[in-house]
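What's in work-v7.tsv: TSV, C-alpha atoms and all ligand atoms
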chain	number	residue	atom	x	y	z
A	1221	LEU	CA	105.20	95.93	122.34
A	1222	SER	CA	106.32	98.14	119.48
A	1223	LYS	CA	103.92	98.79	116.63
A	1224	LYS	CA	106.01	96.60	114.36
A	1225	ALA	CA	106.03	93.70	116.82
A	1226	THR	CA	102.27	93.98	117.28
A	1227	HIS	CA	101.83	93.99	113.52
A	1228	GLU	CA	103.99	90.89	113.12
A	1229	ARG	CA	102.18	89.09	115.88
A	1230	THR	CA	98.81	89.84	114.27
A	1231	ARG	CA	100.08	88.66	110.92
A	1232	HIS	CA	101.40	85.45	112.44
A	1233	TYR	CA	98.09	84.85	114.18
A	1234	ASN	CA	96.06	85.50	111.03
A	1235	SER	CA	98.37	83.33	109.04
A	1236	GLN	CA	97.88	80.34	111.35
A	1237	LEU	CA	94.14	80.98	111.58
A	1238	VAL	CA	93.78	80.84	107.81
A	1239	LEU	CA	95.91	77.69	107.50
A	1240	ARG	CA	93.93	75.99	110.27
A	1241	THR	CA	90.67	76.92	108.54
A	1242	ILE	CA	91.81	75.45	105.24
A	1243	TYR	CA	93.23	72.36	106.98
A	1244	GLU	CA	90.01	71.68	108.87
A	1245	SER	CA	87.67	72.28	105.94
A	1246	GLY	CA	89.52	70.14	103.45
A	1247	GLN	CA	88.53	72.44	100.58
A	1248	ILE	CA	87.39	76.03	100.93
A	1249	SER	CA	87.30	79.27	98.95
A	1250	ARG	CA	88.89	82.56	99.95
A	1251	ALA	CA	85.45	84.15	100.42
A	1252	GLN	CA	84.39	81.34	102.76
A	1253	ILE	CA	87.60	81.70	104.75
A	1254	ALA	CA	86.89	85.40	105.17
A	1255	ARG	CA	83.38	84.60	106.41
A	1256	VAL	CA	84.51	81.93	108.87
A	1257	THR	CA	87.50	83.83	110.26
A	1258	ARG	CA	85.97	87.33	110.05
A	1259	LEU	CA	89.17	88.54	108.41
A	1260	THR	CA	88.91	90.94	105.47
A	1261	ARG	CA	89.07	89.57	101.92
A	1262	PRO	CA	92.39	91.35	101.17
A	1263	THR	CA	93.96	89.95	104.35
A	1264	VAL	CA	92.84	86.43	103.46
A	1265	SER	CA	94.16	86.75	99.91
A	1266	ASP	CA	97.45	88.07	101.23
A	1267	VAL	CA	97.93	85.27	103.71
A	1268	VAL	CA	96.82	82.58	101.27
A	1269	SER	CA	99.30	83.81	98.72
A	1270	ASP	CA	102.02	83.53	101.36
A	1271	TRP	CA	101.13	79.92	102.10
A	1272	MET	CA	100.97	79.16	98.37
A	1273	THR	CA	104.46	80.57	97.90
A	1274	GLN	CA	105.66	78.28	100.67
A	1275	GLY	CA	103.95	75.38	98.94
A	1276	LEU	CA	101.65	74.46	101.83
A	1277	VAL	CA	98.42	75.53	100.14
A	1278	GLU	CA	97.28	74.98	96.56
A	1279	GLU	CA	94.29	75.76	94.36
A	1280	VAL	CA	92.44	72.56	93.63
A	1281	GLY	CA	89.54	73.52	91.39
A	1282	LEU	CA	86.27	75.38	91.31
A	1283	ALA	CA	83.36	75.19	93.75
A	1284	PRO	CA	79.97	74.07	92.35
A	1285	SER	CA	78.14	76.99	90.77
A	1286	GLY	CA	75.98	79.03	93.12
A	1287	GLY	CA	74.74	81.29	90.35
A	1288	GLY	CA	77.62	83.71	89.93
A	1289	ARG	CA	81.27	83.17	89.21
A	1290	ARG	CA	82.49	79.86	90.63
A	1291	PRO	CA	85.03	80.47	93.40
A	1292	ILE	CA	88.42	78.76	93.42
A	1293	LEU	CA	88.85	76.13	96.14
A	1294	LEU	CA	91.97	75.91	98.26
A	1295	SER	CA	93.43	72.91	100.01
A	1296	VAL	CA	96.46	72.07	102.14
A	1297	VAL	CA	99.15	70.11	100.28
A	1298	ASP	CA	99.38	67.09	102.57
A	1299	ASN	CA	102.91	66.12	101.55
A	1300	ALA	CA	104.32	69.66	101.34
A	1301	ARG	CA	106.29	69.01	104.52
A	1302	TYR	CA	107.34	65.92	106.36
A	1303	LEU	CA	107.69	65.58	110.09
A	1304	ILE	CA	110.07	63.26	111.82
A	1305	GLY	CA	108.39	61.39	114.65
A	1306	LEU	CA	110.27	59.23	117.15
A	1307	ASP	CA	108.78	56.79	119.66
A	1308	LEU	CA	111.48	55.75	122.14
A	1309	GLY	CA	109.04	54.14	124.55
A	1310	ARG	CA	109.34	50.61	123.22
A	1311	GLU	CA	111.81	47.80	123.14
A	1312	ASP	CA	112.86	49.03	119.71
A	1313	PHE	CA	113.22	52.69	118.77
A	1314	ARG	CA	110.67	53.62	116.15
A	1315	GLY	CA	110.88	56.52	113.78
A	1316	ALA	CA	108.74	57.69	110.89
A	1317	LEU	CA	108.33	60.35	108.28
A	1318	ILE	CA	104.82	61.68	108.70
A	1319	ASN	CA	102.89	64.05	106.44
A	1320	LEU	CA	100.81	67.06	107.43
A	1321	ARG	CA	97.74	64.83	107.94
A	1322	GLY	CA	99.55	62.65	110.43
A	1323	VAL	CA	99.84	59.81	107.90
A	1324	ILE	CA	103.02	57.75	108.08
A	1325	GLN	CA	104.93	57.78	104.79
A	1326	HIS	CA	108.04	55.88	105.70
A	1327	ARG	CA	109.30	54.14	108.82
A	1328	VAL	CA	112.53	52.93	110.35
A	1329	ASN	CA	112.77	50.71	113.44
A	1330	LEU	CA	116.07	50.08	115.17
A	1331	PRO	CA	116.44	47.45	117.89
A	1332	LEU	CA	117.64	48.90	121.17
A	1333	MET	CA	119.34	45.60	122.15
A	1334	ASP	CA	120.56	46.25	125.66
A	1335	GLY	CA	121.85	49.68	124.77
A	1336	ASP	CA	121.32	52.55	127.15
A	1337	GLY	CA	122.92	55.88	128.00
A	1338	ASP	CA	125.15	57.09	125.16
A	1339	ALA	CA	124.42	54.01	123.05
A	1340	ALA	CA	120.70	54.82	123.15
A	1341	LEU	CA	121.46	58.41	122.22
A	1342	ALA	CA	123.58	57.27	119.27
A	1343	LEU	CA	120.65	55.14	118.17
A	1344	VAL	CA	118.42	58.23	118.17
A	1345	TYR	CA	120.89	59.96	115.84
A	1346	ASN	CA	121.00	56.90	113.57
A	1347	LEU	CA	117.23	56.89	113.41
A	1348	VAL	CA	116.99	60.58	112.48
A	1349	ASP	CA	119.85	60.26	109.96
A	1350	ALA	CA	118.11	57.35	108.23
A	1351	LEU	CA	114.78	59.20	108.10
A	1352	MET	CA	116.34	62.40	106.77
A	1353	GLN	CA	117.92	60.47	103.93
A	1354	SER	CA	114.52	59.20	102.86
A	1355	ALA	CA	112.72	62.54	103.02
A	1356	ASP	CA	111.80	63.94	99.60
A	1357	SER	CA	109.94	66.95	101.03
A	1358	PRO	CA	111.29	69.69	103.31
A	1359	LEU	CA	111.18	68.80	107.00
A	1360	LEU	CA	109.08	70.72	109.48
A	1361	GLY	CA	110.77	69.43	112.60
A	1362	ILE	CA	111.29	66.52	114.96
A	1363	GLY	CA	108.77	65.28	117.51
A	1364	ILE	CA	109.82	62.83	120.20
A	1365	GLY	CA	107.95	60.64	122.63
A	1366	THR	CA	110.32	59.26	125.20
A	1367	PRO	CA	109.74	57.24	128.35
A	1368	GLY	CA	110.34	58.72	131.76
A	1369	LEU	CA	110.04	62.20	133.19
A	1370	VAL	CA	110.24	64.70	130.37
A	1371	ASP	CA	110.56	68.42	130.87
A	1372	ALA	CA	108.82	69.38	127.61
A	1373	GLU	CA	109.22	73.10	128.13
A	1374	ASN	CA	113.00	72.94	128.40
A	1375	GLY	CA	113.47	69.89	126.19
A	1376	ILE	CA	115.15	67.78	128.84
A	1377	VAL	CA	114.70	64.10	129.63
A	1378	TYR	CA	114.91	64.46	133.37
A	1379	GLU	CA	114.98	60.76	134.03
A	1380	ALA	CA	114.33	57.66	131.93
A	1381	VAL	CA	115.33	54.68	134.05
A	1382	ASN	CA	115.09	52.03	131.33
A	1383	LEU	CA	117.34	54.05	129.02
A	1384	ASN	CA	119.64	55.12	131.85
A	1385	TRP	CA	119.14	58.74	130.84
A	1386	HIS	CA	119.44	61.41	133.48
A	1387	GLN	CA	119.01	65.07	132.65
A	1388	ILE	CA	119.70	64.64	128.94
A	1389	PRO	CA	119.16	67.93	127.04
A	1390	LEU	CA	117.72	66.03	124.10
A	1391	ARG	CA	116.15	69.01	122.36
A	1392	HIS	CA	119.34	71.02	122.44
A	1393	LEU	CA	121.41	68.07	121.17
A	1394	LEU	CA	119.08	67.43	118.25
A	1395	GLN	CA	118.58	71.08	117.36
A	1396	GLU	CA	122.34	71.61	117.23
A	1397	ARG	CA	122.85	68.55	115.10
A	1398	TYR	CA	119.95	68.91	112.67
A	1399	ASN	CA	118.99	72.56	112.81
A	1400	LEU	CA	115.29	71.72	113.05
A	1401	PRO	CA	112.68	72.58	115.69
A	1402	VAL	CA	112.27	69.79	118.25
A	1403	TYR	CA	109.27	69.06	120.49
A	1404	MET	CA	109.15	66.41	123.17
A	1405	ALA	CA	106.74	64.71	125.50
A	1406	ASN	CA	106.64	61.61	127.59
A	1407	ASP	CA	105.60	58.71	125.32
A	1408	CYS	CA	102.27	58.20	127.10
A	1409	GLN	CA	101.54	61.91	126.80
A	1410	ALA	CA	102.38	61.77	123.10
A	1411	ALA	CA	100.01	58.81	122.74
A	1412	ALA	CA	97.20	60.74	124.41
A	1413	PHE	CA	97.71	63.74	122.14
A	1414	GLY	CA	97.77	61.41	119.13
A	1415	GLU	CA	94.47	59.83	120.10
A	1416	TYR	CA	92.94	63.22	120.85
A	1417	THR	CA	94.03	64.64	117.51
A	1418	PHE	CA	93.62	61.74	115.10
A	1419	GLY	CA	91.45	59.24	116.96
A	1420	SER	CA	87.71	58.77	116.76
A	1421	GLY	CA	85.25	59.48	119.52
A	1422	ASP	CA	83.95	62.44	121.47
A	1423	SER	CA	86.80	64.93	121.74
A	1424	SER	CA	84.82	67.38	123.88
A	1425	LYS	CA	85.49	65.30	127.00
A	1426	ASP	CA	88.78	65.23	128.83
A	1427	LEU	CA	90.82	62.31	127.59
A	1428	VAL	CA	93.07	59.96	129.52
A	1429	VAL	CA	95.11	57.37	127.63
A	1430	ILE	CA	96.63	54.71	129.85
A	1431	GLN	CA	99.44	52.95	128.06
A	1432	VAL	CA	100.34	49.50	129.31
A	1433	GLY	CA	103.63	48.13	128.08
A	1434	TRP	CA	107.09	47.83	129.57
A	1435	GLY	CA	105.85	50.45	132.01
A	1436	VAL	CA	102.43	51.86	132.80
A	1437	GLY	CA	101.68	55.54	132.37
A	1438	ALA	CA	98.95	57.91	131.37
A	1439	GLY	CA	98.65	60.97	129.19
A	1440	ILE	CA	95.95	63.52	129.89
A	1441	VAL	CA	94.37	65.98	127.47
A	1442	HIS	CA	92.33	68.51	129.41
A	1443	ASP	CA	90.32	71.17	127.58
A	1444	GLY	CA	92.19	70.34	124.38
A	1445	MET	CA	95.57	70.88	126.04
A	1446	LEU	CA	98.10	68.14	126.73
A	1447	LEU	CA	99.12	68.22	130.38
A	1448	HIS	CA	102.87	67.91	130.85
A	1449	GLY	CA	103.12	68.67	134.54
A	1450	ASN	CA	105.27	71.47	135.84
A	1451	PRO	CA	107.90	70.74	134.76
A	1452	TYR	CA	106.99	67.06	134.26
A	1453	GLY	CA	105.16	64.04	135.59
A	1454	ALA	CA	101.50	64.60	134.66
A	1455	GLY	CA	99.85	61.20	134.31
A	1456	GLU	CA	102.70	59.31	135.93
A	1457	ILE	CA	100.39	56.73	137.51
A	1458	GLY	CA	102.66	53.70	137.24
A	1459	HIS	CA	103.95	54.11	140.76
A	1460	ILE	CA	100.68	54.76	142.52
A	1461	SER	CA	100.45	52.05	145.13
A	1462	VAL	CA	97.43	49.84	144.48
A	1463	VAL	CA	98.08	46.75	146.61
A	1464	GLU	CA	99.46	46.26	150.07
A	1465	PRO	CA	101.95	44.95	150.83
A	1466	GLY	CA	102.57	44.02	147.17
A	1467	GLU	CA	105.62	43.15	145.09
A	1468	LEU	CA	108.79	45.22	145.29
A	1469	CYS	CA	108.96	47.69	142.40
A	1470	GLN	CA	111.95	48.95	140.40
A	1471	CYS	CA	111.37	52.33	142.03
A	1472	GLY	CA	112.07	50.93	145.49
A	1473	LYS	CA	108.49	51.03	146.78
A	1474	SER	CA	106.10	48.11	146.74
A	1475	GLY	CA	102.65	47.41	145.38
A	1476	CYS	CA	102.94	49.96	142.55
A	1477	LEU	CA	100.48	49.71	139.65
A	1478	GLU	CA	103.37	48.61	137.44
A	1479	THR	CA	104.12	45.61	139.63
A	1480	ILE	CA	100.74	44.18	138.63
A	1481	SER	CA	99.88	45.65	135.28
A	1482	ASN	CA	102.92	46.01	133.05
A	1483	THR	CA	103.73	43.29	130.56
A	1484	ARG	CA	106.52	41.78	132.69
A	1485	ALA	CA	104.21	41.65	135.69
A	1486	ILE	CA	101.53	39.91	133.62
A	1487	LEU	CA	104.05	37.27	132.50
A	1488	ARG	CA	105.18	36.81	136.09
A	1489	GLN	CA	101.64	36.29	137.33
A	1490	VAL	CA	100.86	33.76	134.60
A	1491	ARG	CA	104.08	31.88	135.42
A	1492	ALA	CA	103.09	31.83	139.06
A	1493	ALA	CA	99.73	30.37	138.06
A	1494	ALA	CA	101.34	27.73	135.81
A	1495	SER	CA	100.06	24.79	137.82
A	1496	ALA	CA	96.49	26.07	137.55
A	1497	LEU	CA	96.50	26.51	133.78
A	1498	SER	CA	94.13	24.47	131.62
A	1499	VAL	CA	97.03	23.23	129.50
A	1500	PRO	CA	100.70	22.86	130.44
A	1501	LEU	CA	102.90	25.78	129.38
A	1502	PRO	CA	104.35	25.09	125.93
A	1503	VAL	CA	107.81	26.24	127.07
A	1504	PRO	CA	109.77	26.42	130.33
A	1505	PRO	CA	108.21	29.21	132.45
A	1506	GLU	CA	111.15	31.60	131.95
A	1507	ARG	CA	110.55	31.53	128.18
A	1508	LEU	CA	106.89	32.39	128.37
A	1509	THR	CA	106.00	35.19	125.94
A	1510	PHE	CA	103.13	37.63	125.83
A	1511	ASP	CA	101.83	35.99	122.65
A	1512	MET	CA	101.54	32.70	124.53
A	1513	VAL	CA	99.61	34.40	127.31
A	1514	GLN	CA	97.32	35.91	124.70
A	1515	ALA	CA	96.80	32.48	123.12
A	1516	LEU	CA	95.93	30.96	126.51
A	1517	PHE	CA	93.49	33.80	127.14
A	1518	ASP	CA	91.92	33.38	123.71
A	1519	GLY	CA	91.55	29.67	124.46
A	1520	GLY	CA	89.44	30.55	127.50
A	1521	ASP	CA	91.94	29.63	130.21
A	1522	VAL	CA	90.36	30.45	133.56
A	1523	ALA	CA	93.61	31.11	135.43
A	1524	VAL	CA	94.80	33.57	132.77
A	1525	ARG	CA	91.40	35.24	132.85
A	1526	GLN	CA	91.85	35.68	136.57
A	1527	VAL	CA	95.22	37.36	136.03
A	1528	VAL	CA	93.65	39.69	133.45
A	1529	GLN	CA	90.91	40.61	135.90
A	1530	ASP	CA	93.50	41.43	138.57
A	1531	VAL	CA	95.33	43.59	136.05
A	1532	GLY	CA	92.07	45.36	135.21
A	1533	ARG	CA	91.23	45.94	138.85
A	1534	ALA	CA	94.63	47.50	139.50
A	1535	LEU	CA	94.26	49.76	136.44
A	1536	GLY	CA	90.76	50.67	137.60
A	1537	ALA	CA	92.01	51.62	141.05
A	1538	ALA	CA	94.50	54.06	139.54
A	1539	ALA	CA	91.97	55.30	136.97
A	1540	ALA	CA	89.56	56.13	139.80
A	1541	TYR	CA	92.02	58.74	141.09
A	1542	LEU	CA	92.01	60.39	137.68
A	1543	VAL	CA	88.22	60.42	137.61
A	1544	GLY	CA	88.34	62.07	141.02
A	1545	VAL	CA	90.55	64.81	139.60
A	1546	LEU	CA	89.02	65.34	136.17
A	1547	GLY	CA	85.43	64.33	136.80
A	1548	GLY	CA	83.67	62.34	134.09
A	1549	CYS	CA	86.08	61.74	131.21
A	1550	ARG	CA	87.17	59.23	128.58
A	1551	ILE	CA	89.70	56.69	129.79
A	1552	LEU	CA	91.17	54.68	126.95
A	1553	ILE	CA	93.65	51.84	127.29
A	1554	ALA	CA	96.52	51.36	124.85
A	1555	GLY	CA	99.16	48.68	124.45
A	1556	ARG	CA	99.26	44.91	124.15
A	1557	VAL	CA	96.66	44.37	126.87
A	1558	THR	CA	93.97	45.58	124.45
A	1559	GLY	CA	93.94	41.96	123.25
A	1560	PHE	CA	92.17	41.04	126.51
A	1561	GLY	CA	89.04	42.86	125.34
A	1562	ALA	CA	85.89	43.06	127.43
A	1563	CYS	CA	87.34	40.93	130.22
A	1564	LEU	CA	89.87	43.67	130.98
A	1565	LEU	CA	87.50	46.58	130.41
A	1566	ASP	CA	84.78	45.12	132.63
A	1567	ALA	CA	87.26	44.72	135.49
A	1568	ILE	CA	88.39	48.34	135.09
A	1569	ARG	CA	84.79	49.60	134.94
A	1570	THR	CA	83.77	47.66	138.03
A	1571	GLU	CA	86.70	49.00	140.01
A	1572	VAL	CA	86.16	52.61	138.92
A	1573	ALA	CA	82.47	52.31	139.82
A	1574	GLN	CA	83.37	51.01	143.27
A	1575	ARG	CA	85.84	53.78	143.97
A	1576	THR	CA	84.14	56.92	142.65
A	1577	LEU	CA	80.84	58.74	142.95
A	1578	PRO	CA	78.15	57.06	140.82
A	1579	ALA	CA	77.50	60.30	138.92
A	1580	LEU	CA	81.17	60.46	137.91
A	1581	ALA	CA	81.46	56.78	137.02
A	1582	GLU	CA	78.32	57.00	134.86
A	1583	ASN	CA	79.78	59.96	133.02
A	1584	THR	CA	83.06	58.18	132.37
A	1585	GLU	CA	83.70	56.19	129.23
A	1586	ILE	CA	86.18	53.33	129.52
A	1587	GLY	CA	87.44	51.68	126.37
A	1588	PHE	CA	90.39	51.09	124.07
A	1589	VAL	CA	92.18	53.66	121.94
A	1590	SER	CA	91.20	53.82	118.27
A	1591	LEU	CA	94.77	54.18	117.00
A	1592	GLY	CA	97.08	51.17	116.96
A	1593	ALA	CA	100.78	50.76	117.68
A	1594	ASP	CA	101.58	54.06	115.91
A	1595	ILE	CA	99.66	56.08	118.46
A	1596	ALA	CA	102.70	57.77	120.07
A	1597	LEU	CA	104.41	58.38	116.72
A	1598	ARG	CA	101.34	60.09	115.38
A	1599	GLY	CA	101.06	62.00	118.64
A	1600	THR	CA	104.53	63.44	118.17
A	1601	SER	CA	103.48	64.66	114.73
A	1602	ALA	CA	100.39	66.28	116.25
A	1603	LEU	CA	102.62	68.09	118.74
A	1604	LEU	CA	104.76	69.44	115.94
A	1605	LEU	CA	101.80	70.50	113.81
A	1606	HIS	CA	100.29	72.21	116.80
A	1607	HIS	CA	103.40	74.14	117.79
A	1608	GLU	CA	104.84	74.90	114.36
A	1609	LEU	CA	101.71	75.56	112.31
A	1610	GLY	CA	99.07	76.33	114.94
A	1611	LEU	CA	96.91	73.36	113.94
A	1612	PHE	CA	94.43	71.65	116.32
B	1	ZN	ZN	107.13	51.79	141.66
Write out the structure in this file as structure tokens.
Ligand SMILES: [Zn+2]
Amino acid sequence: LSKKATHERTRHYNSQLVLRTIYESGQISRAQIARVTRLTRPTVSDVVSDWMTQGLVEEVGLAPSGGGRRPILLSVVDNARYLIGLDLGREDFRGALINLRGVIQHRVNLPLMDGDGDAALALVYNLVDALMQSADSPLLGIGIGTPGLVDAENGIVYEAVNLNWHQIPLRHLLQERYNLPVYMANDCQAAAFGEYTFGSGDSSKDLVVIQVGWGVGAGIVHDGMLLHGNPYGAGEIGHISVVEPGELCQCGKSGCLETISNTRAILRQVRAAASALSVPLPVPPERLTFDMVQALFDGGDVAVRQVVQDVGRALGAAAAYLVGVLGGCRILIAGRVTGFGACLLDAIRTEVAQRTLPALAENTEIGFVSLGADIALRGTSALLLHHELGLF
């Protein structure tokens, strides 16, 4: 490296270090920043003045008196930039403008209908266009959580079966069109990074978020780093075979986790159990909805409880593999199945305990995510903040 390049790299590093310090402390003085970061006072002042010029940092008042002159406190301006977050992993495409704290300021949802391929891509553009029109702060970039196999490094959706996307260079397309930095991850991976960054709980342990929806997938944060796979596929547990012989899966194999645990599979199993339900189905079986299943469960229906336990056992079987790889960790479930509460969690816990070493099972926490339906959206903003500003 040339001297100039080394100098620029150091400056960039210092710059991010100072911003991260201010971001994490909430309010802090220049002298405190120098102490925490071990940078010199002039360097800190220099870097802070840079961030102030860019509008990301402001002076917010004076610290309580410690005897001498009261130091000026600095803080990050939460709305100085907006991030565009997209969650394409649902039946509608969701987008939001998100501030530097990961708080959603404005949202747009567009129904996917039965659109796929180019129609789905056009919908992504519509979503970004609509969000850009509403942004009254400069934009930092676009973060995307999309279903399927996502090559995050090269910005390519390798394969998303439900959207009929194959090798779509999504990052390139969006960068060309909007001239903004773009970061991508699989939607379950984005959810995991969202929970890790903004969720509650012990973040020192490896985190697995298993998202149960249209599909079933996991995102893994190991040592504070989101695992993408090389180039993709980390956490792709939906097609681990958990029952034999099992139902035929969309992927061509049978007995996959998804054939038992995704929302369609849950509906199918409840339909199949219709004659055993405590009350007759309120609609013809083909019109059964997830809300109705939830209502039956809440009413204490034994047959529905049985289905939920089967779902939990299948999730637990797949989760046990992850415990075998990571060791003791936090496994948190996201998605509509969280409505099944302790009944689901107990089934998962029992199965994990049966399939792993006791010492690992005891050291593994199994629960629900602390963030709600916005988990993946907020995760995409965390990805952007991490890559663009060096936060987290
Ligand atoms: Zn499968």
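The residues sitting within 7 Å of ligand ZN 1 (chain B), with all atoms listed in the file considered, come out as Gly1458, His1459, Cys1469, Gln1470, Cys1471, Gly1472, Lys1473, Ser1474, Cys1476 and Glu1478 of chain A.
Residues in contact with segment 1312-1314 of chain A at 10 Å, where only C-alpha atoms are counted and same-chain residues fewer than 4 positions away are skipped, are listed as A:Gly1305, A:Leu1306, A:Asp1307, A:Leu1308, A:Arg1327, A:Val1328, A:Asn1329, A:Leu1330, A:Pro1331, A:Leu1332, A:Met1333, A:Ala1340, A:Leu1343, A:Val1344, A:Leu1347, A:Gly1365, A:Thr1366, A:Asp1594, A:Ala1596, A:Leu1597.
Taking atom CA of Ser1481 of chain A as the reference point, atom CA of Asp1426 of chain A is found at 23.4 Å.
Remark: for Thr1241 of chain A, the closest of the candidate residues A:Glu1228, A:Val1545, A:Ala1339, A:Val1256 is A:Val1256 (distances computed over only C-alpha atoms).
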Which residues come within 10 Å of Ala1593 of chain A, counting all atoms listed in the file, excluding same-chain residues fewer than 5 positions away, as a PDB file with C-alpha atoms, in the frame of the given file?
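Listing of part26.pdb after writing:
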ATOM      1  CA  ALA A1411     100.010  58.810 122.740  1.00  0.00           C
ATOM      2  CA  ALA A1554      96.520  51.360 124.850  1.00  0.00           C
ATOM      3  CA  GLY A1555      99.160  48.680 124.450  1.00  0.00           C
ATOM      4  CA  ARG A1556      99.260  44.910 124.150  1.00  0.00           C
ATOM      5  CA  ARG A1598     101.340  60.090 115.380  1.00  0.00           C
TER       6      ARG A1598
END
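The space separating atom CA of Leu1400 of chain A from atom CA of Gln1325 of chain A comes to 19.2 Å.
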query = Could you name the residues that touch Asp1530 of chain A at 10 Å or less, counting all atoms listed in the file, but leaving out those on the same chain fewer than 5 positions away, as an NGL selection string?
reply = :A and (1480-1481 or 1486 or 1489 or 1524-1525 or 1535-1536 or 1564 or 1567-1568)
message = I want to know what sits within 9 Å of Leu1565 of chain A, based on all atoms listed in the file, with residues of the same chain fewer than 4 positions away left out; could you give that as a ChimeraX atom specification?
response = /A:1529,1532,1536,1553,1558,1560-1561,1569-1570,1586-1588
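Considering the residues A:Glu1464, A:Asp1521, A:Asp1407, A:Glu1311 and counting only C-alpha atoms, Gly1439 of chain A has its shortest atom-to-atom contact with A:Asp1407.
The space between atom CA of Leu1501 of chain A and atom CA of Thr1483 of chain A spans 17.6 Å.
Among the candidates A:Ala1540, A:Pro1451, A:Ala1342, A:Lys1425, the residue lying nearest to Ile1376 of chain A is A:Pro1451 (atoms considered: only C-alpha atoms).
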